[in-house]
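Participant: File structure_5.cif below, mmCIF, C-alpha atoms:
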```
data_entry
#
loop_
_atom_site.label_atom_id
_atom_site.label_comp_id
_atom_site.auth_asym_id
_atom_site.auth_seq_id
_atom_site.Cartn_x
_atom_site.Cartn_y
_atom_site.Cartn_z
CA GLY A 1 158.92 -90.38 157.39
CA PRO A 2 161.77 -88.60 159.13
CA LYS A 3 161.69 -88.73 162.90
CA VAL A 4 162.84 -86.74 165.87
CA LEU A 5 164.18 -89.00 168.61
CA GLN A 6 164.07 -88.06 172.28
CA ILE A 7 166.07 -89.71 175.02
CA PRO A 8 165.06 -90.65 177.66
CA SER A 9 161.34 -91.20 177.28
CA HIS A 10 160.84 -90.94 181.05
CA GLN A 11 162.91 -89.39 183.83
CA ILE A 12 162.29 -89.14 187.56
CA ILE A 13 164.57 -86.79 189.43
CA ASP A 14 164.88 -85.28 192.89
CA MET A 15 164.10 -81.60 193.20
CA GLY A 16 167.27 -79.52 193.00
CA GLN A 17 169.14 -81.99 190.85
CA MET A 18 170.20 -81.35 187.26
CA VAL A 19 168.56 -83.05 184.31
CA THR A 20 169.48 -83.11 180.63
CA LEU A 21 166.92 -83.97 177.99
CA ASN A 22 168.31 -85.13 174.67
CA CYS A 23 166.94 -84.71 171.19
CA ASP A 24 168.15 -86.04 167.86
CA PRO A 25 166.46 -83.80 165.26
CA VAL A 26 165.73 -84.63 161.63
CA SER A 27 169.10 -84.76 159.91
CA ASN A 28 168.76 -81.91 157.40
CA HIS A 29 166.73 -79.61 159.64
CA LEU A 30 168.27 -76.36 160.82
CA TYR A 31 165.76 -75.04 163.37
CA PHE A 32 165.22 -76.77 166.70
CA TYR A 33 162.64 -76.25 169.42
CA TRP A 34 161.55 -77.26 172.89
CA TYR A 35 157.92 -77.21 173.98
CA LYS A 36 156.44 -77.97 177.39
CA GLN A 37 153.12 -79.69 178.01
CA ILE A 38 151.60 -80.11 181.44
CA LEU A 39 149.04 -82.91 181.66
CA GLY A 40 145.70 -81.85 180.22
CA GLN A 41 146.97 -78.50 179.03
CA GLN A 42 148.08 -77.09 175.72
CA MET A 43 151.62 -77.32 174.46
CA GLU A 44 153.64 -74.17 175.13
CA PHE A 45 156.70 -72.83 173.35
CA LEU A 46 159.90 -72.68 175.38
CA VAL A 47 162.69 -71.84 172.98
CA ASN A 48 163.93 -72.06 169.41
CA PHE A 49 167.52 -72.50 168.30
CA TYR A 50 169.24 -71.81 164.99
CA ASN A 51 172.81 -71.71 163.86
CA GLY A 52 174.11 -72.40 167.33
CA LYS A 53 172.10 -69.65 168.99
CA VAL A 54 168.86 -69.14 170.87
CA MET A 55 166.68 -67.04 168.57
CA GLU A 56 163.67 -66.60 170.84
CA LYS A 57 162.59 -67.83 174.26
CA SER A 58 159.35 -67.55 176.18
CA LYS A 59 158.80 -66.49 179.79
CA LEU A 60 158.58 -70.20 180.65
CA PHE A 61 162.24 -70.55 179.74
CA LYS A 62 163.58 -69.77 183.20
CA ASP A 63 167.16 -68.86 184.03
CA GLN A 64 167.63 -72.45 185.18
CA PHE A 65 167.08 -73.66 181.62
CA SER A 66 169.73 -73.83 178.92
CA VAL A 67 169.97 -75.34 175.47
CA GLU A 68 172.86 -76.28 173.23
CA ARG A 69 173.84 -78.49 170.33
CA PRO A 70 177.58 -79.02 170.52
CA ASP A 71 179.18 -80.07 167.22
CA GLY A 72 176.01 -81.37 165.60
CA SER A 73 175.33 -83.90 168.33
CA TYR A 74 172.18 -84.00 170.41
CA PHE A 75 170.16 -80.84 170.88
CA THR A 76 169.81 -80.69 174.65
CA LEU A 77 167.64 -78.98 177.24
CA LYS A 78 169.30 -78.74 180.62
CA ILE A 79 167.47 -77.77 183.78
CA GLN A 80 169.68 -76.91 186.75
CA PRO A 81 168.40 -76.94 189.42
CA THR A 82 165.05 -78.61 188.85
CA ALA A 83 161.88 -77.51 190.65
CA LEU A 84 158.59 -79.34 191.26
CA GLU A 85 156.81 -77.18 188.67
CA ASP A 86 159.20 -78.44 185.99
CA SER A 87 157.30 -81.73 185.97
CA ALA A 88 155.80 -81.98 182.49
CA VAL A 89 156.28 -83.59 179.11
CA TYR A 90 158.97 -81.86 177.08
CA PHE A 91 158.72 -82.14 173.32
CA CYS A 92 161.56 -81.48 170.94
CA ALA A 93 160.81 -80.45 167.37
CA SER A 94 162.75 -79.49 164.29
CA SER A 95 161.96 -77.74 161.02
CA PRO A 96 163.95 -77.32 157.80
CA ASP A 97 164.70 -73.60 158.00
CA ARG A 98 163.55 -70.13 158.96
CA GLY A 99 159.95 -69.49 158.02
CA ASN A 100 159.36 -73.11 157.03
CA SER A 101 156.36 -74.47 158.90
CA ASP A 102 157.08 -78.14 158.28
CA TYR A 103 157.58 -79.19 161.90
CA THR A 104 158.45 -82.68 163.08
CA PHE A 105 157.94 -83.45 166.77
CA GLY A 106 159.46 -86.15 168.92
CA SER A 107 157.46 -88.38 171.26
CA GLY A 108 158.43 -86.39 174.31
CA THR A 109 160.32 -86.89 177.56
CA ARG A 110 158.10 -87.27 180.59
CA LEU A 111 159.88 -85.54 183.45
CA LEU A 112 158.76 -86.00 187.02
CA VAL A 113 160.47 -83.91 189.69
CA ILE A 114 159.90 -85.23 193.21
CA SER B 1 135.98 -74.55 169.64
CA GLN B 2 139.46 -74.25 171.08
CA TRP B 3 141.70 -71.32 171.98
CA GLY B 4 142.10 -68.64 174.60
CA GLU B 5 140.58 -69.27 177.99
CA GLU B 6 138.33 -72.09 176.79
CA ASN B 7 138.65 -75.47 178.48
CA LEU B 8 139.83 -78.55 176.66
CA GLN B 9 136.90 -79.81 174.54
CA ALA B 10 135.81 -83.40 174.21
CA LEU B 11 133.79 -85.08 171.49
CA SER B 12 132.60 -88.68 171.35
CA ILE B 13 131.20 -90.09 168.12
CA GLN B 14 130.52 -93.42 166.44
CA GLU B 15 132.87 -94.80 163.83
CA GLY B 16 131.75 -93.78 160.35
CA GLU B 17 130.35 -90.43 161.39
CA ASP B 18 131.78 -87.15 160.18
CA VAL B 19 133.13 -84.59 162.63
CA THR B 20 134.19 -80.95 162.52
CA MET B 21 136.46 -79.27 165.05
CA ASN B 22 136.88 -75.53 165.26
CA CYS B 23 139.46 -73.12 166.53
CA SER B 24 139.90 -69.38 166.61
CA TYR B 25 143.13 -67.47 166.96
CA LYS B 26 143.95 -64.07 168.35
CA THR B 27 146.98 -62.80 166.48
CA TYR B 28 148.01 -62.46 162.86
CA THR B 29 149.27 -65.64 161.28
CA THR B 30 150.48 -66.69 157.86
CA VAL B 31 149.56 -70.31 158.38
CA VAL B 32 147.26 -72.44 160.51
CA GLN B 33 148.39 -75.97 161.18
CA TRP B 34 146.36 -78.87 162.49
CA TYR B 35 148.04 -81.56 164.57
CA ARG B 36 146.95 -84.92 165.89
CA GLN B 37 148.40 -86.20 169.14
CA LYS B 38 147.80 -89.79 170.13
CA SER B 39 148.25 -90.97 173.68
CA GLY B 40 151.91 -91.07 174.66
CA LYS B 41 153.10 -89.59 171.38
CA GLY B 42 154.16 -86.22 170.09
CA PRO B 43 151.95 -84.15 167.82
CA ALA B 44 151.92 -85.09 164.16
CA GLN B 45 151.21 -82.43 161.57
CA LEU B 46 148.08 -83.28 159.59
CA ILE B 47 147.43 -80.32 157.38
CA LEU B 48 148.76 -76.81 156.88
CA ILE B 49 146.59 -74.07 155.42
CA ARG B 50 148.02 -70.72 154.42
CA SER B 51 146.42 -67.31 154.81
CA ASN B 52 145.76 -67.09 151.06
CA GLU B 53 143.87 -70.41 151.05
CA ARG B 54 140.27 -70.88 152.16
CA GLU B 55 140.24 -74.67 152.05
CA LYS B 56 142.74 -77.52 151.96
CA ARG B 57 142.07 -81.22 151.62
CA SER B 58 144.15 -84.28 152.41
CA GLY B 59 142.44 -87.64 152.14
CA ARG B 60 139.58 -87.71 154.65
CA LEU B 61 140.65 -84.39 156.12
CA ARG B 62 139.47 -80.94 155.15
CA ALA B 63 140.67 -77.72 156.71
CA THR B 64 139.15 -74.30 156.22
CA LEU B 65 140.46 -70.89 157.13
CA ASP B 66 138.60 -67.61 157.53
CA THR B 67 141.12 -64.87 158.10
CA SER B 68 138.42 -62.21 158.58
CA SER B 69 137.03 -64.02 161.63
CA GLN B 70 140.41 -65.53 162.54
CA SER B 71 138.99 -69.02 162.68
CA SER B 72 139.78 -72.40 161.22
CA SER B 73 138.09 -75.79 161.13
CA LEU B 74 139.18 -79.36 160.60
CA SER B 75 136.68 -81.91 159.31
CA ILE B 76 137.16 -85.65 159.20
CA THR B 77 134.82 -87.70 157.05
CA GLY B 78 134.08 -91.34 157.72
CA THR B 79 135.88 -91.43 161.05
CA LEU B 80 137.74 -94.53 162.17
CA ALA B 81 138.50 -95.73 165.68
CA THR B 82 142.13 -94.96 164.90
CA ASP B 83 141.22 -91.27 164.57
CA THR B 84 140.84 -91.20 168.37
CA ALA B 85 143.31 -88.55 169.53
CA VAL B 86 143.65 -84.95 170.65
CA TYR B 87 143.52 -82.48 167.78
CA PHE B 88 145.26 -79.14 168.05
CA CYS B 89 145.34 -76.13 165.84
CA ALA B 90 148.44 -73.99 165.91
CA THR B 91 149.54 -70.70 164.41
CA ASP B 92 152.98 -69.51 163.42
CA ALA B 93 152.60 -65.75 163.35
CA GLY B 94 154.50 -64.28 160.44
CA GLY B 95 156.61 -67.40 160.06
CA ASN B 96 158.69 -66.53 163.10
CA ASN B 97 159.36 -70.17 163.98
CA LYS B 98 157.26 -70.19 167.11
CA LEU B 99 154.05 -72.21 167.21
CA THR B 100 151.17 -71.17 169.45
CA PHE B 101 148.86 -74.09 170.14
CA GLY B 102 145.18 -74.11 170.95
CA GLN B 103 143.74 -76.00 173.93
CA GLY B 104 142.86 -78.98 171.78
CA THR B 105 139.83 -81.15 171.14
CA VAL B 106 139.75 -84.67 172.54
CA LEU B 107 138.09 -86.85 169.93
CA SER B 108 136.92 -90.32 170.83
CA VAL B 109 135.69 -92.50 167.95
CA ILE B 110 133.78 -95.50 169.22
CA PRO B 111 134.02 -98.62 167.05
#
```
Would you encode the structure as structure tokens?

Facilitator:
Amino acid sequence: GPKVLQIPSHQIIDMGQMVTLNCDPVSNHLYFYWYKQILGQQMEFLVNFYNGKVMEKSKLFKDQFSVERPDGSYFTLKIQPTALEDSAVYFCASSPDRGNSDYTFGSGTRLLVI
Amino acid sequence: SQWGEENLQALSIQEGEDVTMNCSYKTYTTVVQWYRQKSGKGPAQLILIRSNEREKRSGRLRATLDTSSQSSSLSITGTLATDTAVYFCATDAGGNNKLTFGQGTVLSVIP
């Protein structure tokens, strides 16, 4: 079936540095998401994105976080600067449209901030 | 069952047995979704049950939904070792494109 690709699969970065996580969503999907999962815990919503805009973000989506999808390229999550508590697995997902619950998730980017 | 302040649950069963996992949710939702997450992978949607449905089947899977008690269950019949994974339920309140996941149930199927 259709897939969401995430690049890179793993990233180790020094605290305070910038990191960009990349996501290639399903080609005809219009809604994009980032979720955060700390080891052993449930997945938590960060942000959703539609028509070039952030539609909703959670309290986990700190000021240091930003998302964009310039010109239909990768949907990215940028963290600048990174903090130790940003270490987690970040999952990208996409869905066809507003109100459509047919989500497809990527395999995640494992981010370790040291 | 999963949700709220409950810890991550774990179940260990023999291949061939049937299993039922439960979850309860706190807020209004139009759908409950069940996901399977295998080690090192993202969650994969297994079954979606809407608020006007009481039961939904897909192969060896059966989901139920009780909106009055705000609870859902996922049953797997004739489990296989490949069913070993973490199973999450998730709600999408009012179709607002924001999933809220439960804590999950770790299922180990022993061959």

Participant: Closest to Gln33 (chain B) among B:Ser12, B:Gln45, B:Thr105, B:Gln70, using all atoms listed in the file?

Facilitator: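 With all atoms listed in the file as the atom set, the closest residue is B:Gln45.
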
Participant: Could you tell me which residues the PyMOL selection byres ((chain B and resi 72) around 9) returns for this structure, as a list of chain:residue names?

Facilitator: B:Met21, B:Asn22, B:Cys23, B:Ser24, B:Tyr25, B:Val32, B:Ala63, B:Thr64, B:Leu65, B:Asp66, B:Thr67, B:Ser69, B:Gln70, B:Ser71, B:Ser73, B:Leu74, B:Cys89

Participant: So what does the PyMOL selection byres ((chain B) within 9 of (chain A)) actually pick up in this one, as a list in words?

Facilitator: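 What the PyMOL selection byres ((chain B) within 9 of (chain A)) grabs from the file is Asn7, Leu8, Val31, Gln33, Gly40, Lys41, Gly42, Pro43, Ala44, Gln45, Leu48, Phe88, Asp92, Gly94, Gly95, Asn96, Asn97, Lys98, Leu99, Thr100, Phe101, Gly102, Gln103 and Gly104 of chain B.
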
Participant: Just how far from CA of Ile114 (chain A) is CA of Lys59 (chain A), in Å to one decimal?

Facilitator: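 We find that CA of Lys59 (chain A) and CA of Ile114 (chain A) lie 23.1 Å from each other.
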
Participant: Give me, please, the distance in Å between CA of Leu39 (chain A) and CA of His10 (chain A), quoted to one decimal.

Facilitator: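 Value for the CA of Leu39 (chain A)-CA of His10 (chain A) distance: 14.3 Å.
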
Participant: Of the candidates B:Val19, B:Thr29, B:Ser75, B:Tyr87, which shows the shortest atom-to-atom distance to Glu55 (chain B), using all atoms listed in the file?

Facilitator: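 Looking at the shortest contact to Glu55 (chain B), the residue is B:Ser75.
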
Participant: Fewer than 3 positions away in the same chain doesn't count, so skip those; otherwise give me all residues within 8 Å of Pro8 (chain A), counting only C-alpha atoms, as a VMD selection string.

Facilitator: chain A and resid 11 21 to 22 109

Participant: For this file, the PyMOL selection byres ((chain A and resi 12) around 6) selects which residues, as a list of chain:residue names?

Facilitator: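 Applied to this file, the PyMOL selection byres ((chain A and resi 12) around 6) selects A:Gln11, A:Ile13, A:Leu111, A:Leu112, A:Val113.
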
Participant: Just how far from CA of Ala93 (chain B) is CA of Cys23 (chain A), in Å to one decimal?

Facilitator: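 CA of Cys23 (chain A) sits 25.0 Å away from CA of Ala93 (chain B).
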
Participant: Find, counting only C-alpha atoms, the residue in A:Ala83, A:Leu77, A:Ile38, A:Leu5 that gets nearest to Val26 (chain A).

Facilitator: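 Among A:Ala83, A:Leu77, A:Ile38, A:Leu5, it is A:Leu5 that comes nearest to Val26 (chain A).
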
Participant: Return the single residue from A:Tyr74, A:Lys36, A:Ala88, A:Thr82 that is closest to Met18 (chain A), with distances computed using all atoms listed in the file.

Facilitator: A:Thr82

Participant: Please write as a count of residues only the list of polymer residues whose atoms come within 9 Å of (134.6, -97.2, 159.4), counting all atoms listed in the file and keeping to the coordinates of the file.

Facilitator: 9

Participant: Using the block above, I'd like region 57-84 of chain B written out, keeping N, CA and C atoms and formatting it as a JSON list (two decimals), in the first residue's frame.

Facilitator:
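Done, and the output landed in decode12.json:
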```json
[["chain", "number", "residue", "atom", "x", "y", "z"],
["B", 57, "ARG", "N", -15.62, -6.20, 11.59],
["B", 57, "ARG", "CA", -14.72, -7.34, 11.42],
["B", 57, "ARG", "C", -13.82, -7.14, 10.22],
["B", 58, "SER", "N", -12.61, -7.69, 10.35],
["B", 58, "SER", "CA", -11.66, -7.68, 9.24],
["B", 58, "SER", "C", -10.76, -8.90, 9.40],
["B", 59, "GLY", "N", -11.05, -9.94, 8.63],
["B", 59, "GLY", "CA", -10.25, -11.16, 8.76],
["B", 59, "GLY", "C", -10.35, -11.75, 10.16],
["B", 60, "ARG", "N", -9.21, -11.93, 10.81],
["B", 60, "ARG", "CA", -9.20, -12.48, 12.17],
["B", 60, "ARG", "C", -9.46, -11.44, 13.25],
["B", 61, "LEU", "N", -9.68, -10.22, 12.84],
["B", 61, "LEU", "CA", -9.87, -9.12, 13.80],
["B", 61, "LEU", "C", -11.36, -8.80, 13.95],
["B", 62, "ARG", "N", -11.71, -8.43, 15.17],
["B", 62, "ARG", "CA", -13.06, -7.96, 15.44],
["B", 62, "ARG", "C", -12.98, -6.83, 16.44],
["B", 63, "ALA", "N", -13.55, -5.70, 16.08],
["B", 63, "ALA", "CA", -13.58, -4.55, 16.99],
["B", 63, "ALA", "C", -15.02, -4.30, 17.41],
["B", 64, "THR", "N", -15.17, -3.90, 18.66],
["B", 64, "THR", "CA", -16.49, -3.50, 19.15],
["B", 64, "THR", "C", -16.39, -2.09, 19.71],
["B", 65, "LEU", "N", -17.53, -1.44, 19.76],
["B", 65, "LEU", "CA", -17.57, -0.08, 20.29],
["B", 65, "LEU", "C", -18.86, 0.09, 21.09],
["B", 66, "ASP", "N", -18.72, 0.58, 22.30],
["B", 66, "ASP", "CA", -19.85, 0.90, 23.16],
["B", 66, "ASP", "C", -19.76, 2.37, 23.51],
["B", 67, "THR", "N", -20.51, 3.19, 22.82],
["B", 67, "THR", "CA", -20.41, 4.63, 23.03],
["B", 67, "THR", "C", -20.97, 5.04, 24.39],
["B", 68, "SER", "N", -21.90, 4.26, 24.94],
["B", 68, "SER", "CA", -22.48, 4.63, 26.23],
["B", 68, "SER", "C", -21.45, 4.51, 27.35],
["B", 69, "SER", "N", -20.58, 3.51, 27.26],
["B", 69, "SER", "CA", -19.53, 3.34, 28.27],
["B", 69, "SER", "C", -18.19, 3.88, 27.79],
["B", 70, "GLN", "N", -18.17, 4.42, 26.57],
["B", 70, "GLN", "CA", -16.96, 4.97, 25.97],
["B", 70, "GLN", "C", -15.82, 3.94, 26.04],
["B", 71, "SER", "N", -16.11, 2.78, 25.50],
["B", 71, "SER", "CA", -15.10, 1.72, 25.51],
["B", 71, "SER", "C", -15.12, 0.98, 24.18],
["B", 72, "SER", "N", -13.98, 0.39, 23.86],
["B", 72, "SER", "CA", -13.84, -0.37, 22.63],
["B", 72, "SER", "C", -12.98, -1.60, 22.92],
["B", 73, "SER", "N", -13.14, -2.63, 22.11],
["B", 73, "SER", "CA", -12.29, -3.81, 22.26],
["B", 73, "SER", "C", -11.83, -4.26, 20.89],
["B", 74, "LEU", "N", -10.68, -4.93, 20.89],
["B", 74, "LEU", "CA", -10.15, -5.56, 19.68],
["B", 74, "LEU", "C", -9.87, -7.01, 20.02],
["B", 75, "SER", "N", -10.46, -7.91, 19.27],
["B", 75, "SER", "CA", -10.23, -9.34, 19.44],
["B", 75, "SER", "C", -9.48, -9.88, 18.24],
["B", 76, "ILE", "N", -8.57, -10.79, 18.52],
["B", 76, "ILE", "CA", -7.85, -11.50, 17.47],
["B", 76, "ILE", "C", -8.09, -12.98, 17.69],
["B", 77, "THR", "N", -8.59, -13.66, 16.69],
["B", 77, "THR", "CA", -8.81, -15.09, 16.81],
["B", 77, "THR", "C", -7.66, -15.85, 16.15],
["B", 78, "GLY", "N", -7.34, -17.00, 16.72],
["B", 78, "GLY", "CA", -6.27, -17.82, 16.16],
["B", 78, "GLY", "C", -4.98, -17.05, 15.99],
["B", 79, "THR", "N", -4.46, -16.52, 17.09],
["B", 79, "THR", "CA", -3.28, -15.66, 17.00],
["B", 79, "THR", "C", -2.09, -16.41, 16.39],
["B", 80, "LEU", "N", -1.24, -15.62, 15.75],
["B", 80, "LEU", "CA", 0.00, -16.10, 15.15],
["B", 80, "LEU", "C", 1.17, -15.39, 15.83],
["B", 81, "ALA", "N", 2.33, -15.99, 15.74],
["B", 81, "ALA", "CA", 3.52, -15.35, 16.31],
["B", 81, "ALA", "C", 3.75, -13.96, 15.69],
["B", 82, "THR", "N", 3.35, -13.82, 14.45],
["B", 82, "THR", "CA", 3.52, -12.53, 13.77],
["B", 82, "THR", "C", 2.55, -11.46, 14.27],
["B", 83, "ASP", "N", 1.60, -11.83, 15.11],
["B", 83, "ASP", "CA", 0.72, -10.84, 15.73],
["B", 83, "ASP", "C", 1.41, -10.14, 16.92],
["B", 84, "THR", "N", 2.59, -10.60, 17.28],
["B", 84, "THR", "CA", 3.35, -9.97, 18.36],
["B", 84, "THR", "C", 3.62, -8.51, 18.01]]
```
